Number of protein chains: 6
Amino acid sequence: MLPLPVMDAAIERALLEDLASGDVTTEAIVPKTARGLGRAVAKQPLVVCGGDVFARVFYKLDASIRVERRIAEGSRAESGDVLWIVEGATGKILSGERTALNFAQRMSGIATLAARFVAAVPPGSSLAIVDTRKTTPGLRALERYAVRTGGAKNHRNDLGSMILVKDNHVAAAGGVRAAVELARARACHALRIEVEVTSFEELDEALDAHADVVMLDNFRNEDVANAVARAKGRAIVEVSGGITLERIPELARLGVDVVSVGALTHSAPAADISLELERLG
Amino acid sequence: MLPLPVMDAAIERALLEDLASGDVTTEAIVPKTARGLGRAVAKQPLVVCGGDVFARVFYKLDASIRVERRIAEGSRAESGDVLWIVEGATGKILSGERTALNFAQRMSGIATLAARFVAAVPPGSSLAIVDTRKTTPGLRALERYAVRTGGAKNHRNDLGSMILVKDNHVAAAGGVRAAVELARARACHALRIEVEVTSFEELDEALDAHADVVMLDNFRNEDVANAVARAKGRAIVEVSGGITLERIPELARLGVDVVSVGALTHSAPAADISLELERLG
Amino acid sequence: MLPLPVMDAAIERALLEDLASGDVTTEAIVPKTARGLGRAVAKQPLVVCGGDVFARVFYKLDASIRVERRIAEGSRAESGDVLWIVEGATGKILSGERTALNFAQRMSGIATLAARFVAAVPPGSSLAIVDTRKTTPGLRALERYAVRTGGAKNHRNDLGSMILVKDNHVAAAGGVRAAVELARARACHALRIEVEVTSFEELDEALDAHADVVMLDNFRNEDVANAVARAKGRAIVEVSGGITLERIPELARLGVDVVSVGALTHSAPAADISLELERLG
Amino acid sequence: MLPLPVMDAAIERALLEDLASGDVTTEAIVPKTARGLGRAVAKQPLVVCGGDVFARVFYKLDASIRVERRIAEGSRAESGDVLWIVEGATGKILSGERTALNFAQRMSGIATLAARFVAAVPPGSSLAIVDTRKTTPGLRALERYAVRTGGAKNHRNDLGSMILVKDNHVAAAGGVRAAVELARARACHALRIEVEVTSFEELDEALDAHADVVMLDNFRNEDVANAVARAKGRAIVEVSGGITLERIPELARLGVDVVSVGALTHSAPAADISLELERLG
Amino acid sequence: MLPLPVMDAAIERALLEDLASGDVTTEAIVPKTARGLGRAVAKQPLVVCGGDVFARVFYKLDASIRVERRIAEGSRAESGDVLWIVEGATGKILSGERTALNFAQRMSGIATLAARFVAAVPPGSSLAIVDTRKTTPGLRALERYAVRTGGAKNHRNDLGSMILVKDNHVAAAGGVRAAVELARARACHALRIEVEVTSFEELDEALDAHADVVMLDNFRNEDVANAVARAKGRAIVEVSGGITLERIPELARLGVDVVSVGALTHSAPAADISLELERLG
Amino acid sequence: MLPLPVMDAAIERALLEDLASGDVTTEAIVPKTARGLGRAVAKQPLVVCGGDVFARVFYKLDASIRVERRIAEGSRAESGDVLWIVEGATGKILSGERTALNFAQRMSGIATLAARFVAAVPPGSSLAIVDTRKTTPGLRALERYAVRTGGAKNHRNDLGSMILVKDNHVAAAGGVRAAVELARARACHALRIEVEVTSFEELDEALDAHADVVMLDNFRNEDVANAVARAKGRAIVEVSGGITLERIPELARLGVDVVSVGALTHSAPAADISLELERLG
């Protein structure tokens with residue numbers, strides 16, 4: 001669920017980026033009366049994401065273009081599957097094609113990578129895979145939506161939506177306990193408090209200070225086990241830092257609650273989707 | 001060379017995305033008088049890109065923050081190298097850190113991947129590696145700059161800056177020749193005309209119509225050789241579609257002029273850069 | 001601490017609102033060489049807020065105007081106190097005066113009202129006074145800052161920064177427990193979960209579902225006491241709905257943790273501040 | 001009559017402020033198929049204002065939501081009256097509720113206060129109650145509309161839409177007459193000229209200079225009477241500065257033409273309106 | 001006097017229009033270290049206008065570029081005169097040149113044309129030449145400033161800054177008197193009321209209704225004389241509609257107060273100014 | 001073909017410019033129920049341009065207003081011809097009238113002037129008339145569209161869509177050949193390379209360097225003939241600089257390919273179009 005004004009801001013920017021000086025090829029060659037039907041086809045297995053944005057791009061160019069969703073958001077598609085069908089003025093479809101696909105490929109790429117991480121969680125485990133703030137500047141809302149569409153969850157949205165005490169905050173405050181107390185004293189009661197810890201001492205200090213979440217930064221698996229035991233029933237345990245797909249099952253087995261994966265948004269390859277256009281009448 | 005207004009538009013958007021509701025952790029914990037010095041350190045070998053944007057992010061939060069460039073744009077850095085040093089109010093550095101790195105990691109990631117493709121071109125070859133319009137919506141100018149910084153070149157910027165006749169244009173016009181003639185008759189003399197061809201018939205038609213560039217779409221290597229021979233001295237030959245690093249040397253050997261690689265921008269993994277902050281006074 | 005880009009967006013909008021067609025009076029009458037010194041004077045007792053915004057308004061009109069803060073943000077000022085001094089081109093000071101004061105009067109008005117609520121909390125009590133999302137459209141960040149400046153705290157910033165289950169969410173889910181479970185299953189672990197309850201049954205259900213915060217909606221004082229007892233050690237207790245200054249001491253005595261007051265932002269009268277300008281040379 | 005582009009700019013800003021990171025509670029809990037009907041109910045006597053903006057907020061989130069106006073703009077509503085009815089997707093109604101009410105409560109609050117001032121004008125008097133430029137930054141057009149809806153009138157919109165000579169302009173010009181002459185010589189003939197006067201000497205000078213309007217700044221009632229007599233038939237007489245409701249009848253009796261009241265916009269408490277939502281099917 | 005935020009909005013838009021995809025020629029050819037000095041030279045006699053905008057364009061590209069004004073705003077320049085000198089990085093000067101000149105040529109063009117109309121007013125006459133709302137969309141403030149710089153005056157800025165009753169308003173109200181009475185009853189006392197009249201009957205009706213200004217629409221000179229006589233001492237007389245330079249002296253002689261000339265902004269030819277750049281070191 | 005988002009950006013700006021403070025006259029006088037029908041009538045012979053923009057202005061104020069095009073874009077209209085008919089709420093038509101006409105008059109003015117230049121090209125000649133980047137800041141896309149509508153063509157859109165080597169680039173590179181080689185080595189293969197030459201030496205150097213286009217800057221006709229002969233079959237020949245209508249036939253006869261005319265956009269007088277409104281019911 002992406003609010004329309006959030007989507008529109010990104011889409012209008014993208015269309016102006018590609019079309020501020022018009023589409024010279026289409027204007028010169030394609031008759032205004034030509035109508036076409038385009039099929040957005042998966043060229044690889046993927047998790048479908050971005051149908052609303054895909055449709056809205058064309059709507060912004062020509063409100064009479066119709067887009068039909070053939071595969072639901074968050075569903076898997078195989079290579080060759082038709083995801084969406086767009087029908088209307090050929091010229092407008094051609095002018096919007098690249099922008100619509102740029103969004104959809106990026107969003108489906110993220111959803112697909114997120115789904116791979118989620119699939120690596122063993123059955124029965126409650127381990128949650130979450131994203132980070134390492135998103136593309138200007139596209140945070142769309143990328144977080146793609147993460148959710150892939151079955152993973154979001155971490156905090158921005159610097160104002162959670163207290164996350166990192167090493168530099170600890171250093172500034174003179175210790176984990178002092179940092180958490182300052183945060184609790186001054187900040188909003190509506191916000192969870194998470195503390196990034198790099199040692200068992202810091203972990204214990206964070207737990208004693210009643211942190212809601214503790215983030216184990218670059219802990220080895222054996223240390224993770226120990227940390228989970230200490231935190232049991234006292235705080236949510238998040239593991240972060242250089243997480244690979246391979247490590248997920250073991251982290252789940254160790255009882256970790258949350259694993260945050262920056263790569264979901266900063267390094268997901270685009271999903272391969274192409275638009276196959278056919279002439280109508 | 002990214003014009004300042006182009007940079008600023010992207011940066012302001014990104015800062016509002018992360019800071020619209022403030023930085024609650026820093027505000028609660030870090031004294032306003034605290035000063036710090038941060039080192040942006042490469043955590044992997046990479047091609048440096050985005051120093052101006054990195055510096056400008058902090059400038060936009062606090063004009064008194066100073067950023068020093070230690071390694072020039074486009075240079076290689078090894079793991080552990082310090083790229084840039086930022087010095088000023090600790091709180092402002094912490095608030096800008098993620099946004100600055102999100103830009104720099106993406107830009108350096110693209111530059112690094114571009115440089116790998118360029119490095120795959122054999123010595124003595126004039127083969128150019130170029131990007132495509134498959135860029136991140138809202139960041140086209142920054143990503144194209146990163147491509148150049150990595151030593152590759154840009155393809156057309158947008159739908160108004162070149163005539164690129166694709167299959168659907170050909171279909172609408174009733175043939176390659178007709179399409180090119182329409183383009184030449186109606187469009188701007190200042191624009192090159194490129195034609196995407198999928199067969200030798202189309203290639204010959206495009207050459208006869210005096211296309212400036214012909215794009216061989218998904219040609220096998222043996223067909224590329226043939227096409228290059230036909231186009232010799234008549235048009236620039238571009239190869240496109242599913243290009244991998246491995247194929248570059250052979251395409252260079254065959255005499256291709258240009259290879260366009262969408263992955264440069266749509267699938268470059270972020271370069272790993274982190275900010276290490278130390279307290280001053 | 002208001003990030004500069006957040007401030008600037010509001011200020012530029014406000015200046016264009018007042019100056020899009022120029023300042024005809026000043027242009028016709030005031031010589032360009034005239035220089036003046038203006039004193040922003042409190043015309044009533046108030047809590048000072050908005051000094052940075054006040055200064056930035058003039059900076060945006062003329063970067064050479066200097067503003068000196070005489071009383072710190074969050075301090076009390078008495079009627080007649082000089083808050084800030086602005087010095088520079090008379091014409092530019094006159095053009096910016098109203099906009100600068102419109103911000104400062106609103107922000108100081110909110111800070112002053114917030115401080116009155118905070119002052120009503122008896123010594124020794126840990127009761128927190130917080131704002132709501134009932135802010136002026138377009139000025140949320142500035143108004144929340146004013147609330148903090150007055151010594152109160154903020155509630156959640158927006159619909160994405162906390163889970164707040166209200167009656168309509170409960171109805172949609174078919175019960176408090178179901179609603180909280182859906183929220184916990186699908187939403188971000190980084191977010192606190194608050195449940196608005198209207199009866200003891202709902203309260204117990206929310207506590208059993210491990211809500212982080214329970215909001216007692218329009219409870220009478222005797223019911224508040226009972227609710228606080230039930231929630232003790234299990235959840236933060238927030239009281240909301242038609243709160244007046246007079247009720248604060250009793251709510252504090254009853255052990256409530258948080259009282260949210262919409263009036264802090266939606267009905268704070270502007271603080272009376274005027275600019276007294278004197279000619280220089 | 002608020003032009004649509006003026007409304008939309010404010011609404012889009014407000015929606016992004018609240019929804020940039022989505023509505024996590026609604027997304028987690030409310031089924032997409034749920035439909036609801038909401039009644040905007042007055043919780044106090046008020047003058048209705050903001051129906052178009054209220055409706056447009058929901059339209060911007062979902063063009064299929066329908067809003068019915070039950071009580072016309074500018075009409076009085078009693079506590080319990082239904083002002084507007086909104087019907088459509090429950091999730092979208094919940095996401096827009098706060099933003100829609102924030103506008104409507106502020107606008108109705110201003111209209112209600114304006115109407116109280118207008119009601120204080122004795123029957124038969126032609127005294128006009130007007131607003132000032134002490135409006136909320138970013139919402140001037142909406143607030144001025146609310147003033148009109150309450151039956152009062154607007155003063156000048158901005159620094160470019162009237163010549164208003166204040167004390168500092170007089171000081172810069174070296175006297176009232178000189179200031180008015182400069183204004184008349186240099187400025188637009190389409191603009192009225194108003195002069196703020198603080199003494200009878202200045203008043204006479206303004207009248208002799210053919211000011212269209214004279215503003216009596218903080219005159220006592222007995223002096224107002226004298227001033228009105230002098231200005232009779234020569235200029236419109238406006239009284240300004242610390243005006244309270246109680247003083248209106250006397251000012252009307254004295255023959256004043258216009259009283260400007262900053263409090264109409266800078267200190268009107270929000271009108272209490274709430275949305276009562278019921279499930280449909 | 002153009003407020004900085006007004007100037008900046010137009011300039012940023014213009015720079016993005018020309019530079020969103022960079023300056024490929026300059027980037028490829030001009031060394032970053034090259035410094036140059038450019039002289040903006042009049043290639044025709046003109047009235048200088050736009051120096052601030054010219055300078056600000058370069059400032060927005062590179063804050064270290066210096067611009068010196070050699071001839072003051074509103075002064076006449078002869079062909080060959082140097083208006084402004086710009087000095088700094090050659091590449092940045094080249095990138096900004098066209099945008100800076102596009103503003104300056106348009107503004108100087110308008111100022112020059114305005115000055116010609118003003119010069120046609122015979123000595124001793126108080127006839128004012130004014131502009132209209134027939135300005136370039138997006139540049140109204142700049143063009144009105146140019147009109148003033150040329151020595152003419154502005155008419156109303158926008159639809160909210162004066163009441164101007166035209167034929168269609170008269171038709172809607174059922175007569176001139178009714179229209180003026182509605183306007184006076186409902187609108188802001190701060191606004192002048194102007195009535196466009198097409199006959200003596202309408203003129204008399206407008207005068208009787210105490211219009212501040214009457215606009216004679218397409219009156220012949222002999223009728224203008226008659227109208228001026230009737231309006232003497234009762235209203236400002238404006239003549240409008242198809243005004244040419246040649247007609248100005250006669251209109252002045254007839255005692256008209258104001259002549260409005262749409263051509264000042266909608267049809268002023270650009271003034272010829274070019275930038276001559278020389279290398280520095 | 002102007003993309004909708006490009007049009008909308010310009011239109012929204014223009015409407016806010018004229019309507020930010022409302023339309024006081026219409027609001028006071030015109031009943032909300034009044035409906036009208038307006039005819040946009042040519043008051044001079046012109047080439048019709050801007051129908052889509054004209055219609056969209058009214059759509060943005062009231063989506064229920066209908067606009068009918070009576071004469072197609074690019075067609076000639078005689079004085080008295082009805083171009084477009086607008087029907088709907090009288091108040092909204094009056095509020096949008098000036099903005100709609102400001103666009104249409106400018107666009108038709110440019111189209112009309114472009115058509116005059118095109119008409120001056122003798123039958124049988126392939127000489128193209130093109131515009132320049134001397135466009136109105138903020139309206140480039142609309143003005144380029146108007147040029148095409150008048151039958152002329154566009155030159156490059158912006159600094160990123162062609163390489164155009166001017167004298168200062170040549171100076172920076174140390175010669176024409178060096179400049180072209182730098183451009184070819186570093187810039188995008190998708191871009192044509194044009195070189196401005198001021199002598200036969202430079203012309204030969206540009207041709208030897210395989211420039212795609214050579215621009216003869218201020219060449220006399222006899223030199224043009226010589227230059228055309230040299231460039232025959234090697235490069236497109238463009239003539240630029242102080243071109244008048246009178247010179248077109250001779251330049252065509254000399255075999256020039258392209259003539260660029262800055263006046264098309266910087267000095268086209270507005271076409272005279274007025275809106276005649278009649279009451280409906």
# chains A, B, ... in the order shown; residues from 1 in each chain; ligands from 1

call {"tool": "closest_atom_pairs", "arguments": {"of": "chain D", "to": "chain A", "cutoff": "10 Å", "atoms": "only C-alpha atoms", "output": "tab-separated table"}}
result
residue	atom	partner	partner_atom	distance
D:Ile11	CA	A:Pro5	CA	9.8
D:Glu12	CA	A:Pro5	CA	6.6
D:Arg13	CA	A:Pro5	CA	9.0
D:Leu15	CA	A:Pro5	CA	7.2
D:Leu16	CA	A:Val6	CA	6.6
D:Leu19	CA	A:Pro3	CA	7.0
D:Ala20	CA	A:Val6	CA	6.2
D:Ser21	CA	A:Ala141	CA	6.0
D:Gly22	CA	A:Leu2	CA	6.6
D:Asp23	CA	A:Met1	CA	8.5
D:Val24	CA	A:Met1	CA	9.3
D:Thr26	CA	A:Met1	CA	9.5
D:Glu27	CA	A:Met1	CA	6.7
D:Ala28	CA	A:Met1	CA	9.9
D:Lys32	CA	A:Met1	CA	9.1
D:Lys60	CA	A:Pro5	CA	7.0
D:Leu61	CA	A:Leu4	CA	5.6
D:Asp62	CA	A:Leu4	CA	7.5
D:Ala63	CA	A:Leu4	CA	9.8
D:Gly91	CA	A:Met1	CA	9.7
D:Lys92	CA	A:Pro3	CA	8.6
D:Ser95	CA	A:Pro3	CA	8.8
D:Gly96	CA	A:Pro3	CA	10.0

call {"tool": "residues_around", "arguments": {"residues": "region 219-222 of chain E", "least_positions_apart": "2", "cutoff": "10 Å", "atoms": "only C-alpha atoms", "output": "PDB file with all heavy atoms, in the first residue's frame"}}
result
ATOM      1  N   VAL E 197     -15.125  50.375 -18.951  1.00  0.00           N
ATOM      2  CA  VAL E 197     -16.366  50.879 -19.550  1.00  0.00           C
ATOM      3  C   VAL E 197     -16.222  50.991 -21.054  1.00  0.00           C
ATOM      4  O   VAL E 197     -15.138  51.237 -21.579  1.00  0.00           O
ATOM      5  CB  VAL E 197     -16.765  52.259 -18.965  1.00  0.00           C
ATOM      6  CG1 VAL E 197     -17.011  52.154 -17.467  1.00  0.00           C
ATOM      7  CG2 VAL E 197     -15.694  53.300 -19.259  1.00  0.00           C
ATOM      8  N   THR E 198     -17.335  50.797 -21.721  1.00  0.00           N
ATOM      9  CA  THR E 198     -17.311  50.817 -23.187  1.00  0.00           C
ATOM     10  C   THR E 198     -18.222  51.903 -23.748  1.00  0.00           C
ATOM     11  O   THR E 198     -18.348  52.037 -24.963  1.00  0.00           O
ATOM     12  CB  THR E 198     -17.745  49.447 -23.746  1.00  0.00           C
ATOM     13  OG1 THR E 198     -19.022  49.136 -23.173  1.00  0.00           O
ATOM     14  CG2 THR E 198     -16.755  48.369 -23.365  1.00  0.00           C
ATOM     15  N   SER E 199     -18.870  52.656 -22.861  1.00  0.00           N
ATOM     16  CA  SER E 199     -19.756  53.727 -23.326  1.00  0.00           C
ATOM     17  C   SER E 199     -19.813  54.816 -22.264  1.00  0.00           C
ATOM     18  O   SER E 199     -19.383  54.609 -21.123  1.00  0.00           O
ATOM     19  CB  SER E 199     -21.174  53.175 -23.549  1.00  0.00           C
ATOM     20  OG  SER E 199     -21.736  52.806 -22.295  1.00  0.00           O
ATOM     21  N   MET E 215     -11.620  52.424 -16.713  1.00  0.00           N
ATOM     22  CA  MET E 215     -10.785  52.053 -17.853  1.00  0.00           C
ATOM     23  C   MET E 215     -11.608  52.214 -19.128  1.00  0.00           C
ATOM     24  O   MET E 215     -12.628  51.540 -19.311  1.00  0.00           O
ATOM     25  CB  MET E 215     -10.326  50.600 -17.735  1.00  0.00           C
ATOM     26  CG  MET E 215      -9.405  50.194 -18.879  1.00  0.00           C
ATOM     27  SD  MET E 215      -9.361  48.407 -19.085  1.00  0.00           S
ATOM     28  CE  MET E 215      -8.393  47.944 -17.664  1.00  0.00           C
ATOM     29  N   LEU E 216     -11.139  53.103 -19.977  1.00  0.00           N
ATOM     30  CA  LEU E 216     -11.814  53.344 -21.246  1.00  0.00           C
ATOM     31  C   LEU E 216     -11.310  52.321 -22.246  1.00  0.00           C
ATOM     32  O   LEU E 216     -10.145  52.350 -22.642  1.00  0.00           O
ATOM     33  CB  LEU E 216     -11.524  54.771 -21.746  1.00  0.00           C
ATOM     34  CG  LEU E 216     -11.690  55.899 -20.714  1.00  0.00           C
ATOM     35  CD1 LEU E 216     -11.387  57.254 -21.371  1.00  0.00           C
ATOM     36  CD2 LEU E 216     -13.098  55.889 -20.119  1.00  0.00           C
ATOM     37  N   ASP E 217     -12.194  51.458 -22.650  1.00  0.00           N
ATOM     38  CA  ASP E 217     -11.771  50.354 -23.501  1.00  0.00           C
ATOM     39  C   ASP E 217     -12.013  50.697 -24.964  1.00  0.00           C
ATOM     40  O   ASP E 217     -13.155  50.793 -25.406  1.00  0.00           O
ATOM     41  CB  ASP E 217     -12.568  49.100 -23.107  1.00  0.00           C
ATOM     42  CG  ASP E 217     -12.088  47.890 -23.877  1.00  0.00           C
ATOM     43  OD1 ASP E 217     -10.871  47.791 -24.140  1.00  0.00           O
ATOM     44  OD2 ASP E 217     -12.938  47.041 -24.214  1.00  0.00           O
ATOM     45  N   VAL E 224     -12.297  60.047 -25.613  1.00  0.00           N
ATOM     46  CA  VAL E 224     -11.419  60.070 -24.439  1.00  0.00           C
ATOM     47  C   VAL E 224     -11.487  61.445 -23.785  1.00  0.00           C
ATOM     48  O   VAL E 224     -11.613  61.563 -22.555  1.00  0.00           O
ATOM     49  CB  VAL E 224      -9.969  59.737 -24.831  1.00  0.00           C
ATOM     50  CG1 VAL E 224      -9.006  60.067 -23.689  1.00  0.00           C
ATOM     51  CG2 VAL E 224      -9.848  58.257 -25.230  1.00  0.00           C
ATOM     52  N   ALA E 225     -11.436  62.482 -24.608  1.00  0.00           N
ATOM     53  CA  ALA E 225     -11.472  63.841 -24.069  1.00  0.00           C
ATOM     54  C   ALA E 225     -12.731  64.050 -23.243  1.00  0.00           C
ATOM     55  O   ALA E 225     -12.697  64.564 -22.111  1.00  0.00           O
ATOM     56  CB  ALA E 225     -11.414  64.848 -25.220  1.00  0.00           C
ATOM     57  N   ASN E 226     -13.842  63.663 -23.790  1.00  0.00           N
ATOM     58  CA  ASN E 226     -15.128  63.781 -23.117  1.00  0.00           C
ATOM     59  C   ASN E 226     -15.118  63.005 -21.802  1.00  0.00           C
ATOM     60  O   ASN E 226     -15.538  63.499 -20.742  1.00  0.00           O
ATOM     61  CB  ASN E 226     -16.206  63.242 -24.066  1.00  0.00           C
ATOM     62  CG  ASN E 226     -17.593  63.495 -23.555  1.00  0.00           C
ATOM     63  OD1 ASN E 226     -17.773  63.708 -22.361  1.00  0.00           O
ATOM     64  ND2 ASN E 226     -18.585  63.465 -24.453  1.00  0.00           N
ATOM     65  N   ALA E 227     -14.585  61.809 -21.869  1.00  0.00           N
ATOM     66  CA  ALA E 227     -14.561  60.949 -20.681  1.00  0.00           C
ATOM     67  C   ALA E 227     -13.687  61.558 -19.591  1.00  0.00           C
ATOM     68  O   ALA E 227     -14.044  61.545 -18.407  1.00  0.00           O
ATOM     69  CB  ALA E 227     -14.067  59.549 -21.049  1.00  0.00           C
ATOM     70  N   VAL E 239      -6.644  54.386 -20.051  1.00  0.00           N
ATOM     71  CA  VAL E 239      -7.015  54.032 -21.418  1.00  0.00           C
ATOM     72  C   VAL E 239      -6.295  52.746 -21.774  1.00  0.00           C
ATOM     73  O   VAL E 239      -5.124  52.560 -21.440  1.00  0.00           O
ATOM     74  CB  VAL E 239      -6.648  55.166 -22.396  1.00  0.00           C
ATOM     75  CG1 VAL E 239      -6.790  54.703 -23.840  1.00  0.00           C
ATOM     76  CG2 VAL E 239      -7.519  56.370 -22.127  1.00  0.00           C
ATOM     77  N   SER E 240      -7.013  51.883 -22.452  1.00  0.00           N
ATOM     78  CA  SER E 240      -6.474  50.560 -22.724  1.00  0.00           C
ATOM     79  C   SER E 240      -6.938  50.059 -24.073  1.00  0.00           C
ATOM     80  O   SER E 240      -7.973  50.491 -24.575  1.00  0.00           O
ATOM     81  CB  SER E 240      -6.976  49.596 -21.629  1.00  0.00           C
ATOM     82  OG  SER E 240      -6.487  48.315 -21.854  1.00  0.00           O
ATOM     83  N   GLY E 241      -6.160  49.160 -24.682  1.00  0.00           N
ATOM     84  CA  GLY E 241      -6.621  48.520 -25.907  1.00  0.00           C
ATOM     85  C   GLY E 241      -5.906  48.998 -27.145  1.00  0.00           C
ATOM     86  O   GLY E 241      -6.158  50.099 -27.626  1.00  0.00           O
ATOM     87  N   ARG E 247       0.305  57.043 -30.301  1.00  0.00           N
ATOM     88  CA  ARG E 247      -0.892  57.622 -29.689  1.00  0.00           C
ATOM     89  C   ARG E 247      -0.609  58.243 -28.322  1.00  0.00           C
ATOM     90  O   ARG E 247      -1.445  58.962 -27.772  1.00  0.00           O
ATOM     91  CB  ARG E 247      -1.941  56.519 -29.549  1.00  0.00           C
ATOM     92  CG  ARG E 247      -3.328  56.956 -30.001  1.00  0.00           C
ATOM     93  CD  ARG E 247      -4.330  55.841 -29.825  1.00  0.00           C
ATOM     94  NE  ARG E 247      -5.535  56.330 -29.179  1.00  0.00           N
ATOM     95  CZ  ARG E 247      -6.458  55.562 -28.641  1.00  0.00           C
ATOM     96  NH1 ARG E 247      -6.288  54.243 -28.651  1.00  0.00           N
ATOM     97  NH2 ARG E 247      -7.532  56.086 -28.080  1.00  0.00           N
ATOM     98  N   GLU E 250      -0.836  62.250 -27.683  1.00  0.00           N
ATOM     99  CA  GLU E 250      -2.198  62.782 -27.731  1.00  0.00           C
ATOM    100  C   GLU E 250      -2.977  62.381 -26.470  1.00  0.00           C
ATOM    101  O   GLU E 250      -3.700  63.190 -25.885  1.00  0.00           O
ATOM    102  CB  GLU E 250      -2.907  62.267 -28.989  1.00  0.00           C
ATOM    103  CG  GLU E 250      -4.353  62.671 -29.106  1.00  0.00           C
ATOM    104  CD  GLU E 250      -4.539  64.181 -29.310  1.00  0.00           C
ATOM    105  OE1 GLU E 250      -3.509  64.881 -29.484  1.00  0.00           O
ATOM    106  OE2 GLU E 250      -5.684  64.664 -29.272  1.00  0.00           O
ATOM    107  N   LEU E 251      -2.796  61.154 -26.054  1.00  0.00           N
ATOM    108  CA  LEU E 251      -3.492  60.708 -24.835  1.00  0.00           C
ATOM    109  C   LEU E 251      -3.014  61.519 -23.640  1.00  0.00           C
ATOM    110  O   LEU E 251      -3.805  61.843 -22.747  1.00  0.00           O
ATOM    111  CB  LEU E 251      -3.272  59.206 -24.615  1.00  0.00           C
ATOM    112  CG  LEU E 251      -3.994  58.306 -25.643  1.00  0.00           C
ATOM    113  CD1 LEU E 251      -3.533  56.849 -25.503  1.00  0.00           C
ATOM    114  CD2 LEU E 251      -5.517  58.410 -25.470  1.00  0.00           C
ATOM    115  N   LEU E 254      -4.626  64.850 -23.673  1.00  0.00           N
ATOM    116  CA  LEU E 254      -6.046  64.803 -23.319  1.00  0.00           C
ATOM    117  C   LEU E 254      -6.268  64.672 -21.817  1.00  0.00           C
ATOM    118  O   LEU E 254      -7.398  64.685 -21.357  1.00  0.00           O
ATOM    119  CB  LEU E 254      -6.738  63.639 -24.043  1.00  0.00           C
ATOM    120  CG  LEU E 254      -6.847  63.774 -25.560  1.00  0.00           C
ATOM    121  CD1 LEU E 254      -7.346  62.467 -26.179  1.00  0.00           C
ATOM    122  CD2 LEU E 254      -7.797  64.920 -25.915  1.00  0.00           C
TER     123      LEU E 254
END

call {"tool": "closest_residue", "arguments": {"among": "A:Gly74, A:Gly138, A:Gly88, A:Gly51", "to": "Ala100 (chain A)", "atoms": "only C-alpha atoms"}}
result
A:Gly51

call {"tool": "atom_distance", "arguments": {"atom1": "CA of Ile85 (chain F)", "atom2": "CA of Glu278 (chain F)"}}
result
11.0 Å

call {"tool": "select_by_dssp", "arguments": {"residues": "region 103-216 of chain D", "states": "helix (DSSP H, G or I)", "output": "ChimeraX atom specification"}}
result
/D:103-119,140-149,167-173,176-186,200-208

call {"tool": "select_by_dssp", "arguments": {"residues": "region 208-264 of chain A", "states": "strand (DSSP E)", "output": "PyMOL selection string"}}
result
chain A and resi 213-217+236-240+258-260

call {"tool": "residues_around", "arguments": {"residues": "Ser267 (chain C)", "least_positions_apart": "6", "cutoff": "12 Å", "atoms": "only C-alpha atoms", "output": "ChimeraX atom specification"}}
result
/C:106,109-110,113-114,131-132,134-136,143,261 /D:102,105-106,109-110,263,265-272

call {"tool": "residues_around", "arguments": {"residues": "Asp208 (chain A)", "least_positions_apart": "4", "cutoff": "12 Å", "atoms": "only C-alpha atoms", "output": "MDAnalysis selection string"}}
result
chainID A and resid 176:178 180:181 195 201:204 212:214 230:231 234:235
